[in-house]
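Q: If you scroll down you'll find the structure; I have some questions about it.
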Amino acid sequence: MGDTPEYSQDSSDLSPAQRLEAPNTRLIDASIATINDMDTLQACIAYENQHQQRVPILRQLEKRAIELRSQDDDD
């Protein structure tokens, strides 16, 4: 049972496409919830705007941005 790259990969290494093109909404939700920096979040927003423009996904990304900003304010 060795480390398999797809399971040991840090979530911050995921591309916007990997985060937002998951096969089901629960994986997309989890991918958005694990975004921990504004650069990654902005890349995901840009990707979604350029490709699918799904309003529910954009709303989730916006909510995550608010959460990240409030965490920055707490520091």
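Scheme for the structure tokens: letters A, B, ... for chains in order shown; per-chain residue numbers from 1; ligand numbers from 1 in order shown.
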Skipping near chain neighbours, those fewer than 5 positions away, what residues fall within 9 Å of A:Asp29 using only C-alpha atoms, listed as a list in words?

A: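 Final neighbour list, sorted by chain and number: Arg19, Leu20, Asn24, Thr34, Ile57 and Gln60 of chain A.
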
Q: Write out as a PyMOL selection string the set of residues from chain A that DSSP, computed on the backbone, places in alpha helix (DSSP H).

A: chain A and resi 5-8+16-20+25-33+38-50+55-74

Q: Which residues are near stretch 51-53 of chain A? Cut-off 10 Å, only C-alpha atoms, ignore same chain within fewer than 5 positions. Put them as a list in words.

A: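 Answer for this query is Ala17, Leu20, Glu21, Ile45, Ala46 and Leu58 of chain A.
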
Q: Kindly indicate which residue among A:Ser31, A:Asn36, A:Thr25, A:Ser15 lies nearest to A:Arg54, using only C-alpha atoms for the distances.

A: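 Checking each of A:Ser31, A:Asn36, A:Thr25, A:Ser15 against A:Arg54, counting only C-alpha atoms, the winner is A:Thr25.
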
Q: Rounded to one decimal, what separation in Å do you get between atom CA of A:Pro16 and atom CA of A:Ile28?

A: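 Taking atom CA of A:Pro16 and atom CA of A:Ile28, their separation equals 10.5 Å.
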
Q: Quick one: pull the distance between atom CA of A:Ala22 and atom CA of A:Ile66, Å, one decimal.

A: 23.0 Å

Q: Would you work out the distance separating atom CA of A:Asp13 from atom CA of A:Val55, expressed in Å to one decimal?

A: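 About the pair atom CA of A:Asp13 and atom CA of A:Val55: they are 24.6 Å apart.
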
Q: I need the residue nearest A:Glu48 from this list: A:Asp74, A:Glu67, A:Gln18, A:Arg26. Use only C-alpha atoms for the distance.

A: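 With only C-alpha atoms as the atom set, the closest residue is A:Gln18.
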